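For reference, target_19.csv (CSV, C-alpha atoms):
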```csv
chain,number,residue,atom,x,y,z
A,1,MET,CA,-79.0,-49.5,-26.9
A,2,ARG,CA,-76.8,-52.4,-25.9
A,3,ASN,CA,-73.0,-52.0,-25.9
A,4,LYS,CA,-71.7,-54.5,-28.5
A,5,GLN,CA,-68.3,-54.7,-26.7
A,6,ILE,CA,-69.9,-56.1,-23.5
A,7,LYS,CA,-71.6,-59.5,-23.6
A,8,TYR,CA,-75.1,-59.4,-22.0
A,9,VAL,CA,-77.4,-62.2,-20.9
A,10,GLU,CA,-80.0,-63.1,-23.6
A,11,VAL,CA,-83.4,-61.5,-23.2
A,12,ASN,CA,-85.2,-64.8,-22.9
A,13,LYS,CA,-83.1,-65.8,-19.9
A,14,LEU,CA,-83.6,-62.5,-18.0
A,15,GLU,CA,-86.9,-63.5,-16.4
A,16,LYS,CA,-85.3,-66.5,-14.7
A,17,HIS,CA,-82.5,-64.2,-13.3
A,18,ARG,CA,-85.2,-61.7,-12.2
A,19,ILE,CA,-87.1,-64.3,-10.2
A,20,THR,CA,-84.0,-65.7,-8.6
A,21,THR,CA,-82.7,-62.3,-7.6
A,22,GLU,CA,-86.1,-61.2,-6.1
A,23,ASN,CA,-86.3,-64.4,-4.1
A,24,ARG,CA,-82.8,-63.8,-2.7
A,25,ILE,CA,-83.7,-60.2,-1.7
A,26,LYS,CA,-86.9,-61.4,0.0
A,27,LYS,CA,-84.9,-64.0,2.1
A,28,LEU,CA,-82.3,-61.5,3.0
A,29,LEU,CA,-84.9,-58.9,4.0
A,30,ALA,CA,-86.5,-61.5,6.3
A,31,LYS,CA,-83.1,-62.3,7.8
A,32,GLN,CA,-82.4,-58.6,8.3
A,33,VAL,CA,-85.7,-58.1,10.2
A,34,THR,CA,-84.9,-61.1,12.4
A,35,ASN,CA,-81.5,-59.7,13.2
A,36,GLU,CA,-82.9,-56.3,14.0
A,37,HIS,CA,-85.4,-57.9,16.5
A,38,LYS,CA,-82.5,-59.9,18.0
A,39,ILE,CA,-80.5,-56.6,18.5
A,40,GLU,CA,-83.4,-55.0,20.2
A,41,SER,CA,-83.9,-57.9,22.5
A,42,LEU,CA,-80.2,-58.0,23.4
A,43,ILE,CA,-80.3,-54.2,24.1
A,44,GLN,CA,-83.3,-54.7,26.4
A,45,LEU,CA,-81.7,-57.6,28.1
A,46,ASN,CA,-78.5,-55.6,28.7
A,47,GLU,CA,-80.5,-52.7,30.2
A,48,SER,CA,-82.6,-54.9,32.4
A,49,LYS,CA,-79.5,-56.6,33.9
A,50,ARG,CA,-77.8,-53.2,34.4
A,51,GLU,CA,-80.9,-52.0,36.3
A,52,LYS,CA,-80.9,-55.0,38.6
A,53,ASN,CA,-77.1,-54.8,39.1
A,54,PRO,CA,-75.4,-51.5,38.7
A,55,ASP,CA,-72.0,-53.2,38.7
A,56,TYR,CA,-73.0,-55.5,35.9
A,57,ASN,CA,-70.4,-55.8,33.1
A,58,GLY,CA,-72.3,-56.2,29.8
A,59,ASN,CA,-69.3,-56.8,27.6
A,60,LYS,CA,-70.5,-60.2,26.5
A,61,ILE,CA,-73.9,-58.9,25.4
A,62,VAL,CA,-72.3,-55.9,23.7
A,63,ARG,CA,-70.0,-58.3,21.7
A,64,LYS,CA,-73.1,-60.2,20.6
A,65,ILE,CA,-74.8,-57.0,19.5
A,66,VAL,CA,-71.7,-56.0,17.5
A,67,LYS,CA,-71.6,-59.4,15.9
A,68,VAL,CA,-75.2,-59.3,14.8
A,69,SER,CA,-74.9,-55.7,13.6
A,70,ASP,CA,-71.9,-56.8,11.4
A,71,LYS,CA,-74.0,-59.5,9.9
A,72,ASN,CA,-76.8,-57.1,9.3
A,73,GLN,CA,-74.5,-54.7,7.5
A,74,LYS,CA,-73.3,-57.5,5.2
A,75,ILE,CA,-76.9,-58.3,4.4
A,76,LYS,CA,-77.6,-54.6,3.6
A,77,ASN,CA,-74.6,-54.6,1.3
A,78,THR,CA,-75.7,-57.7,-0.5
A,79,ILE,CA,-79.3,-56.4,-0.9
A,80,GLN,CA,-77.9,-53.2,-2.5
A,81,ARG,CA,-75.8,-55.3,-4.9
A,82,LEU,CA,-78.8,-57.4,-5.8
A,83,GLU,CA,-81.0,-54.4,-6.3
A,84,LYS,CA,-78.5,-53.0,-8.8
A,85,ARG,CA,-78.6,-56.4,-10.5
A,86,LEU,CA,-82.4,-56.1,-10.7
A,87,LEU,CA,-82.1,-52.7,-12.4
A,88,ASP,CA,-79.7,-54.2,-14.9
A,89,ILE,CA,-82.2,-57.0,-15.6
A,90,ARG,CA,-85.0,-54.5,-16.2
A,91,ASP,CA,-82.8,-52.4,-18.5
A,92,GLU,CA,-81.8,-55.6,-20.3
A,93,LYS,CA,-78.1,-54.9,-19.5
A,94,LEU,CA,-77.2,-57.8,-17.2
A,95,GLU,CA,-73.6,-58.7,-18.1
A,96,LYS,CA,-72.5,-62.3,-18.6
A,97,ARG,CA,-70.0,-63.4,-15.9
A,98,ASN,CA,-67.7,-66.4,-16.3
A,99,ILE,CA,-66.7,-68.5,-13.3
A,100,LEU,CA,-63.4,-66.7,-12.8
A,101,GLN,CA,-65.1,-63.3,-12.8
A,102,LEU,CA,-67.7,-64.6,-10.3
A,103,ILE,CA,-64.9,-65.9,-8.0
A,104,GLY,CA,-63.0,-62.6,-8.3
A,105,ASP,CA,-66.2,-60.7,-7.4
A,106,TRP,CA,-66.7,-62.9,-4.4
A,107,PHE,CA,-63.1,-62.7,-3.3
A,108,ARG,CA,-63.2,-58.9,-3.4
A,109,ARG,CA,-66.3,-58.8,-1.2
A,110,ILE,CA,-64.9,-61.0,1.7
A,111,PRO,CA,-62.9,-59.3,4.6
A,112,ASN,CA,-59.2,-58.8,4.2
A,113,PHE,CA,-58.2,-61.2,6.9
A,114,LYS,CA,-60.1,-64.0,5.1
A,115,GLN,CA,-58.4,-63.1,1.9
A,116,LYS,CA,-55.0,-63.6,3.7
A,117,ILE,CA,-56.2,-67.0,4.9
A,118,ILE,CA,-57.1,-68.1,1.4
A,119,TRP,CA,-53.8,-66.9,0.0
A,120,GLY,CA,-52.0,-68.7,2.7
A,121,VAL,CA,-53.8,-72.0,2.0
A,122,LEU,CA,-53.1,-71.6,-1.8
A,123,PHE,CA,-49.4,-70.9,-1.2
A,124,THR,CA,-49.0,-73.9,1.2
A,125,THR,CA,-51.0,-76.3,-1.1
A,126,PRO,CA,-47.9,-77.4,-3.0
A,127,TRP,CA,-46.1,-78.1,0.3
A,128,ILE,CA,-49.1,-80.1,1.6
A,129,ILE,CA,-49.2,-82.1,-1.6
A,130,GLY,CA,-45.4,-82.8,-1.3
A,131,ILE,CA,-45.8,-83.9,2.3
A,132,LEU,CA,-48.6,-86.3,1.4
A,133,LEU,CA,-47.0,-87.7,-1.7
A,134,PHE,CA,-43.3,-87.8,-0.8
A,135,PHE,CA,-42.6,-87.2,2.9
A,136,LEU,CA,-45.3,-89.3,4.6
A,137,PRO,CA,-44.7,-92.6,2.7
A,138,SER,CA,-40.9,-92.3,3.3
A,139,PHE,CA,-41.4,-91.4,6.9
A,140,ILE,CA,-43.8,-94.3,7.6
A,141,LYS,CA,-41.3,-96.6,5.9
A,142,SER,CA,-38.4,-95.3,8.1
A,143,VAL,CA,-40.5,-95.8,11.3
A,144,TRP,CA,-41.2,-99.4,10.3
A,145,TRP,CA,-37.5,-100.0,9.5
A,146,SER,CA,-36.4,-98.5,12.8
A,147,PHE,CA,-38.3,-101.4,14.6
A,148,ASN,CA,-36.5,-104.0,12.5
A,149,GLU,CA,-33.0,-105.3,12.0
A,150,VAL,CA,-32.6,-104.7,8.3
A,151,SER,CA,-29.8,-106.5,6.4
A,152,PRO,CA,-29.1,-106.9,2.7
A,153,SER,CA,-29.1,-110.3,1.2
A,154,GLY,CA,-29.1,-111.9,-2.3
A,155,GLN,CA,-32.9,-111.9,-2.3
A,156,GLY,CA,-33.1,-108.2,-1.2
A,157,LEU,CA,-33.5,-106.7,2.2
A,158,GLN,CA,-34.3,-109.0,5.1
A,159,PHE,CA,-36.4,-107.7,8.0
A,160,LYS,CA,-36.2,-109.1,11.6
A,161,PHE,CA,-38.6,-107.3,14.0
A,162,ILE,CA,-36.7,-106.3,17.2
A,163,GLY,CA,-39.1,-103.7,18.6
A,164,LEU,CA,-37.2,-100.9,20.4
A,165,GLY,CA,-33.9,-102.6,20.1
A,166,ASN,CA,-32.4,-100.0,17.7
A,167,TYR,CA,-33.5,-97.1,20.0
A,168,ILE,CA,-32.1,-98.8,23.1
A,169,ASN,CA,-28.8,-99.4,21.4
A,170,LEU,CA,-28.8,-95.9,20.1
A,171,PHE,CA,-29.3,-94.1,23.4
A,172,THR,CA,-27.3,-96.5,25.6
A,173,SER,CA,-24.2,-97.9,23.9
A,174,TYR,CA,-23.9,-96.7,20.3
A,175,VAL,CA,-20.3,-95.5,19.8
A,176,ILE,CA,-18.4,-94.6,16.6
A,177,GLU,CA,-14.8,-93.6,15.9
A,178,GLY,CA,-13.7,-95.0,19.3
A,179,ASN,CA,-15.1,-92.3,21.6
A,180,ASN,CA,-18.1,-90.6,20.0
A,181,VAL,CA,-21.1,-91.6,22.0
A,182,PHE,CA,-24.4,-90.8,20.4
A,183,SER,CA,-26.2,-89.8,23.6
A,184,VAL,CA,-23.3,-87.6,24.7
A,185,GLN,CA,-23.0,-85.9,21.4
A,186,LEU,CA,-26.7,-85.3,21.3
A,187,TYR,CA,-26.7,-83.8,24.8
A,188,LEU,CA,-23.8,-81.5,23.9
A,189,PHE,CA,-25.6,-80.4,20.7
A,190,ILE,CA,-28.9,-79.6,22.5
A,191,GLN,CA,-26.9,-77.8,25.3
A,192,ASN,CA,-25.2,-75.6,22.6
A,193,LEU,CA,-28.5,-75.0,20.9
A,194,VAL,CA,-30.1,-73.8,24.1
A,195,ILE,CA,-27.3,-71.3,24.6
A,196,ASP,CA,-27.0,-70.3,20.9
A,197,LEU,CA,-30.7,-69.7,20.2
A,198,PRO,CA,-31.4,-66.7,22.6
A,199,VAL,CA,-27.9,-65.3,21.9
A,200,ILE,CA,-28.4,-65.4,18.1
A,201,ILE,CA,-31.8,-63.8,18.4
A,202,ILE,CA,-30.6,-61.0,20.7
A,203,PHE,CA,-27.5,-60.4,18.6
A,204,SER,CA,-29.5,-60.3,15.4
A,205,ILE,CA,-32.0,-57.8,16.8
A,206,LEU,CA,-29.3,-55.5,18.0
A,207,ILE,CA,-27.4,-55.6,14.7
A,208,ALA,CA,-30.7,-55.2,12.7
A,209,THR,CA,-31.6,-52.2,14.8
A,210,PHE,CA,-28.3,-50.6,13.9
A,211,LEU,CA,-28.5,-51.6,10.2
A,212,SER,CA,-32.1,-50.4,9.8
A,213,LYS,CA,-31.0,-46.8,10.1
A,214,PRO,CA,-29.6,-45.3,6.9
A,215,PHE,CA,-25.8,-44.6,6.9
A,216,LYS,CA,-22.9,-44.7,4.5
A,217,GLY,CA,-21.8,-48.2,3.8
A,218,SER,CA,-24.9,-49.9,5.3
A,219,THR,CA,-25.3,-52.2,2.3
A,220,ILE,CA,-21.7,-53.3,2.6
A,221,VAL,CA,-22.1,-54.1,6.3
A,222,LYS,CA,-25.3,-56.1,5.5
A,223,ALA,CA,-23.3,-58.0,2.9
A,224,ILE,CA,-20.5,-58.8,5.3
A,225,PHE,CA,-23.0,-60.4,7.8
A,226,PHE,CA,-24.6,-62.4,4.9
A,227,ILE,CA,-21.3,-63.7,3.4
A,228,PRO,CA,-21.2,-66.8,5.7
A,229,VAL,CA,-24.7,-67.8,4.5
A,230,ILE,CA,-23.7,-67.7,0.8
A,231,TYR,CA,-20.4,-69.6,1.3
A,232,ASN,CA,-19.6,-72.8,3.0
A,233,PHE,CA,-19.4,-72.2,6.8
A,234,THR,CA,-17.1,-75.1,7.4
A,235,LEU,CA,-14.7,-73.9,4.7
A,236,ILE,CA,-14.6,-70.4,6.1
A,237,SER,CA,-14.0,-71.7,9.6
A,238,ASP,CA,-11.2,-74.0,8.5
A,239,THR,CA,-9.6,-71.1,6.5
A,240,LEU,CA,-9.7,-68.7,9.4
A,241,ASN,CA,-8.3,-71.3,11.7
A,242,GLN,CA,-5.4,-71.9,9.3
A,243,GLY,CA,-4.8,-68.2,8.8
A,244,PHE,CA,-5.2,-67.1,12.4
A,245,GLY,CA,-4.5,-70.4,14.3
A,246,GLN,CA,-1.1,-69.4,15.4
A,247,TYR,CA,-2.4,-66.1,16.9
A,248,LEU,CA,-5.3,-67.9,18.5
A,249,ASP,CA,-3.0,-70.4,20.1
A,250,SER,CA,-0.7,-67.7,21.4
A,251,SER,CA,-3.6,-65.8,23.0
A,252,THR,CA,-5.2,-68.8,24.6
A,253,GLY,CA,-3.3,-68.4,27.9
A,254,ALA,CA,-4.3,-64.7,28.3
A,255,ASP,CA,-7.9,-65.5,27.3
A,256,GLN,CA,-8.1,-68.3,29.9
A,257,PHE,CA,-6.7,-65.9,32.6
A,258,PHE,CA,-9.3,-63.3,31.6
A,259,VAL,CA,-12.1,-65.8,31.7
A,260,GLN,CA,-11.1,-67.0,35.1
A,261,ARG,CA,-10.9,-63.5,36.5
A,262,LEU,CA,-14.3,-62.7,34.9
A,263,ALA,CA,-15.8,-65.9,36.5
A,264,SER,CA,-14.4,-64.9,39.9
A,265,PHE,CA,-15.9,-61.5,39.6
A,266,PHE,CA,-19.4,-62.9,38.8
A,267,LEU,CA,-19.2,-65.3,41.7
A,268,GLU,CA,-18.2,-62.4,44.1
A,269,ILE,CA,-21.2,-60.3,43.1
A,270,GLY,CA,-23.6,-63.3,43.7
A,271,ILE,CA,-24.3,-64.6,40.1
A,272,GLY,CA,-24.8,-68.3,40.1
A,273,GLY,CA,-22.4,-70.8,38.6
A,274,ASN,CA,-24.8,-72.1,36.0
A,275,ILE,CA,-25.5,-68.6,34.7
A,276,ILE,CA,-21.8,-67.8,34.6
A,277,GLU,CA,-21.2,-71.0,32.6
A,278,ILE,CA,-23.8,-70.1,30.1
A,279,ILE,CA,-22.4,-66.6,29.6
A,280,LEU,CA,-18.9,-67.8,29.2
A,281,GLN,CA,-19.9,-70.5,26.7
A,282,ALA,CA,-21.8,-67.9,24.7
A,283,VAL,CA,-18.7,-65.7,24.7
A,284,GLU,CA,-16.5,-68.6,23.6
A,285,ARG,CA,-18.9,-69.3,20.7
A,286,ILE,CA,-19.2,-65.7,19.5
A,287,PHE,CA,-17.5,-66.5,16.2
A,288,VAL,CA,-20.0,-69.3,15.5
A,289,ILE,CA,-22.9,-67.1,16.6
A,290,ILE,CA,-22.0,-64.3,14.3
A,291,ASN,CA,-21.7,-66.7,11.3
A,292,LEU,CA,-25.1,-68.2,12.1
A,293,SER,CA,-26.9,-64.9,12.3
A,294,GLY,CA,-26.9,-63.8,8.7
A,295,ILE,CA,-30.5,-64.8,7.7
A,296,GLN,CA,-31.9,-63.7,11.1
A,297,ILE,CA,-30.3,-60.2,10.7
A,298,LEU,CA,-31.9,-59.8,7.3
A,299,ILE,CA,-35.3,-60.9,8.7
A,300,PHE,CA,-35.2,-58.4,11.5
A,301,VAL,CA,-34.0,-55.6,9.2
A,302,ALA,CA,-37.0,-56.1,6.9
A,303,ALA,CA,-39.3,-56.4,10.0
A,304,ILE,CA,-38.0,-53.1,11.6
A,305,GLN,CA,-38.2,-51.2,8.3
A,306,SER,CA,-41.8,-52.3,7.8
A,307,ILE,CA,-43.0,-50.8,11.1
A,308,PRO,CA,-45.4,-47.9,10.3
A,309,GLY,CA,-43.6,-44.6,11.0
A,310,HIS,CA,-46.8,-43.0,12.5
A,311,LEU,CA,-46.4,-45.2,15.6
A,312,TYR,CA,-43.1,-43.6,16.4
A,313,GLU,CA,-44.4,-40.1,15.6
A,314,ALA,CA,-47.4,-40.7,18.0
A,315,ALA,CA,-45.0,-42.0,20.7
A,316,LYS,CA,-42.8,-38.9,20.3
A,317,ILE,CA,-45.8,-36.6,20.7
A,318,GLU,CA,-46.7,-38.5,23.9
A,319,GLY,CA,-43.1,-37.9,25.2
A,320,ALA,CA,-41.8,-41.4,25.0
A,321,SER,CA,-38.1,-41.9,25.1
A,322,LYS,CA,-36.1,-44.0,22.5
A,323,TYR,CA,-35.7,-46.7,25.1
A,324,VAL,CA,-39.5,-46.9,25.7
A,325,MET,CA,-40.2,-46.8,21.9
A,326,PHE,CA,-37.7,-49.7,21.3
A,327,TRP,CA,-39.4,-52.0,23.9
A,328,LYS,CA,-43.0,-50.9,23.4
A,329,ILE,CA,-43.0,-50.5,19.6
A,330,THR,CA,-40.0,-52.1,17.9
A,331,ILE,CA,-39.9,-55.3,19.9
A,332,SER,CA,-43.7,-55.6,20.0
A,333,MET,CA,-44.1,-55.2,16.3
A,334,ILE,CA,-41.3,-57.7,15.4
A,335,THR,CA,-42.5,-60.5,17.7
A,336,PRO,CA,-43.9,-62.5,14.8
A,337,PHE,CA,-40.5,-62.3,13.1
A,338,ILE,CA,-38.8,-63.3,16.4
A,339,LEU,CA,-40.9,-66.5,16.4
A,340,THR,CA,-40.0,-67.1,12.7
A,341,ALA,CA,-36.3,-66.5,13.3
A,342,ALA,CA,-36.3,-68.7,16.4
A,343,ILE,CA,-37.8,-71.6,14.5
A,344,TYR,CA,-35.4,-71.1,11.5
A,345,THR,CA,-32.5,-71.0,14.0
A,346,VAL,CA,-33.5,-74.4,15.4
A,347,ILE,CA,-33.9,-76.0,12.0
A,348,ASP,CA,-30.6,-74.4,10.7
A,349,SER,CA,-28.8,-75.7,13.8
A,350,PHE,CA,-30.1,-79.3,13.2
A,351,ALA,CA,-28.7,-79.1,9.6
A,352,ARG,CA,-25.2,-79.1,11.2
A,353,ALA,CA,-26.0,-81.5,14.0
A,354,PRO,CA,-23.3,-84.2,14.7
A,355,ILE,CA,-26.1,-86.8,14.3
A,356,TYR,CA,-25.3,-87.0,10.6
A,357,ARG,CA,-21.9,-88.6,11.3
A,358,PHE,CA,-23.7,-91.4,13.2
A,359,LEU,CA,-26.2,-91.7,10.3
A,360,ASP,CA,-23.4,-92.0,7.7
A,361,PHE,CA,-21.5,-94.5,9.8
A,362,ALA,CA,-24.6,-96.7,10.2
A,363,MET,CA,-25.3,-96.6,6.5
A,364,THR,CA,-21.7,-97.6,5.6
A,365,GLN,CA,-22.0,-100.6,8.0
A,366,ASN,CA,-25.3,-101.6,6.3
A,367,LYS,CA,-27.2,-101.1,9.5
A,368,TYR,CA,-30.3,-99.7,7.8
A,369,GLY,CA,-32.6,-100.3,10.8
A,370,LEU,CA,-30.3,-98.4,13.1
A,371,ALA,CA,-29.9,-95.6,10.5
A,372,ALA,CA,-33.7,-95.4,10.3
A,373,GLY,CA,-33.8,-95.1,14.1
A,374,ILE,CA,-31.3,-92.2,14.0
A,375,SER,CA,-33.4,-90.4,11.4
A,376,VAL,CA,-36.7,-90.9,13.3
A,377,SER,CA,-35.0,-89.7,16.5
A,378,TYR,CA,-33.6,-86.7,14.7
A,379,PHE,CA,-37.1,-85.8,13.4
A,380,ILE,CA,-38.8,-86.3,16.8
A,381,ILE,CA,-36.2,-84.2,18.7
A,382,ASN,CA,-36.3,-81.5,16.1
A,383,MET,CA,-40.1,-81.2,16.1
A,384,ALA,CA,-40.1,-81.4,20.0
A,385,ILE,CA,-37.7,-78.4,20.3
A,386,ILE,CA,-39.6,-76.4,17.6
A,387,GLY,CA,-42.9,-77.2,19.5
A,388,ILE,CA,-41.4,-76.0,22.8
A,389,VAL,CA,-40.2,-72.8,21.2
A,390,PHE,CA,-43.6,-72.2,19.6
A,391,LEU,CA,-45.5,-72.8,22.8
A,392,LEU,CA,-43.2,-70.6,24.8
A,393,MET,CA,-43.5,-67.7,22.4
A,394,ARG,CA,-46.9,-67.8,20.8
A,395,LYS,CA,-48.7,-66.0,23.6
A,396,ARG,CA,-46.1,-63.2,23.4
A,397,VAL,CA,-46.5,-62.7,19.7
A,398,PHE,CA,-48.4,-59.5,18.7
A,399,TYR,CA,-50.0,-59.2,15.3
A,400,TYR,CA,-50.6,-55.5,14.3
A,401,ASP,CA,-53.9,-55.0,12.5
A,402,ASP,CA,-54.6,-58.7,12.5
A,403,ARG,CA,-58.0,-58.6,10.9
A,404,GLY,CA,-57.0,-56.2,8.2
```
Go through the file and emit its structure as structure tokens.
Amino acid sequence: MRNKQIKYVEVNKLEKHRITTENRIKKLLAKQVTNEHKIESLIQLNESKREKNPDYNGNKIVRKIVKVSDKNQKIKNTIQRLEKRLLDIRDEKLEKRNILQLIGDWFRRIPNFKQKIIWGVLFTTPWIIGILLFFLPSFIKSVWWSFNEVSPSGQGLQFKFIGLGNYINLFTSYVIEGNNVFSVQLYLFIQNLVIDLPVIIIFSILIATFLSKPFKGSTIVKAIFFIPVIYNFTLISDTLNQGFGQYLDSSTGADQFFVQRLASFFLEIGIGGNIIEIILQAVERIFVIINLSGIQILIFVAAIQSIPGHLYEAAKIEGASKYVMFWKITISMITPFILTAAIYTVIDSFARAPIYRFLDFAMTQNKYGLAAGISVSYFIINMAIIGIVFLLMRKRVFYYDDRG
């Protein structure tokens, strides 16, 4: 008796499904036999090479055997599923499946790492569409404008092609507000970024390691580090300078004396002047670094708390110290998040770059071609630094259970 609540394929269509299913099984069986012969030949080849050369390393052939065996196992699973389908056809109980159900069945059968790839593509599709529809046309237009002298007129915008003239002017002689040179400000910004980036990452990891352990008031401490992210950073900085400016001014002399003594100590023990300068600049910018670390701290807290506990338990059984576990487990497991946080830090730093002042000034002067050149330069430099960070870190990133 057919279950009335389940929709079955009509009896007159079952014969067609039976023939199609049997043909698929025959093809898969033939492929299975071919793969078994291939495995046997690879095993024989591996043994013959090992007999000729006792030092022969057969890893390459073994990988091929494993790969073919995996394919054969998938074929066996498919045959079992089709044989069950044949039984349903003979019992006249083949369920009707719509397109969404068929896609769902296929999705559940594929490996977990392929499912992650598909989900990743689906989630990035809106971004890709936005890039193609909105960003690329505007970017191409900006690039074209940057090679022209663009000036408004009664008939609209007038274009005069000047080649690299805007870029030459930008990086050689463009000055605003009397003494703000574009190339100098850009160099100082990149210099501060090179110092801030590793310091922010290291500081965020240390604070996240502390906050990842439960203690009274941990939520309040997390909120304190995240407050500068919610509120305007410039407003907070100005308020603190107004409130504590007098104290800061009065302590400047003592601070300078301490910095000079510290620098002398580093020089005496043989640390180079460039390294001393980097360390001292990082110390001087500690307030800025703390305020720029809110998002990164939360990223690392979530990353550390997601590390499987059994890894630490196994390390304890093996006698590993906390220091070893921190470097071998904690740091290794959060390396993907270190890369993410580093890229975010670069992008976030460029959001406060002094380049915007030059862009606004060029726009107010109706120098649209020069403004376009500033925008394109900003984009290229931003992408170049992100690319350098990615290339330096990608080989050091470890993905736990990458293939699911």
Test item: residues at most 9 Å from Glu36 in chain A, only C-alpha atoms, excluding those fewer than 4 positions along its chain, as a PDB file with C-alpha atoms, in the coordinates of the input:
```
ATOM      1  CA  LYS A  31     -83.100 -62.300   7.800  1.00  0.00           C
ATOM      2  CA  GLN A  32     -82.400 -58.600   8.300  1.00  0.00           C
ATOM      3  CA  GLU A  40     -83.400 -55.000  20.200  1.00  0.00           C
ATOM      4  CA  SER A  41     -83.900 -57.900  22.500  1.00  0.00           C
ATOM      5  CA  VAL A  68     -75.200 -59.300  14.800  1.00  0.00           C
ATOM      6  CA  SER A  69     -74.900 -55.700  13.600  1.00  0.00           C
ATOM      7  CA  ASN A  72     -76.800 -57.100   9.300  1.00  0.00           C
TER       8      ASN A  72
END
```
I'd like the neighbourhood of Leu28 in chain A as a PyMOL selection string, where a residue qualifies if any of its atoms comes within 9 Å (using all atoms listed in the file), though same-chain residues fewer than 5 positions away should be ignored. chain A and resi 23+33+75-76+78-79
A:Phe161, A:Tyr174, A:Tyr344, A:Tyr323 ranked by distance to Ile299 in chain A, top pick (using only C-alpha atoms):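 Ranked by minimum distance to Ile299 in chain A, first place goes to A:Tyr344.
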Please identify all polymer residues within 12 Å of Arg352 in chain A, counting only C-alpha atoms, omitting same-chain residues fewer than 3 positions from it, and present them as a PyMOL selection string. chain A and resi 186+189-190+192-193+232-234+288+292+345-349+355-357+378
For Leu86 in chain A: contacts at 12 Å, only C-alpha atoms, fewer than 4 positions along chain excluded, given as a count of residues only: 22
Point out the residue among A:Tyr399, A:Asn382, A:Gln296, A:Asp55 with the least atom-to-atom distance to Ile329 in chain A, counting all atoms listed in the file.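 With all atoms listed in the file as the atom set, the closest residue is A:Tyr399.
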Given all atoms listed in the file as the counted atoms, nearest of A:Ser153, A:Val66, A:Met333, A:Ser218 to Gly309 in chain A: A:Met333
So the first atom is CA of Ala208 in chain A and the second is CA of Ala302 in chain A; what is the distance between them in Å, to one decimal place? 8.6 Å
Taking only residues of range 70-160 of chain A that have an atom at most 12 Å from an atom of range 359-365 of chain A, what is each one's shortest atom pair and its distance in Å to one decimal, using only C-alpha atoms, in chain and number order, as a tab-separated table?
```
residue	atom	partner	partner_atom	distance
A:Val150	CA	A:Met363	CA	11.1
A:Ser151	CA	A:Gln365	CA	9.9
A:Pro152	CA	A:Gln365	CA	10.9
```
In Å to one decimal, how far is CA of Phe390 in chain A from CA of Pro198 in chain A?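 For CA of Pro198 in chain A relative to CA of Phe390 in chain A, the distance reads 13.7 Å.
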Between CA of Ile343 in chain A and CA of Ile386 in chain A - distance in Å to one decimal: 6.0 Å
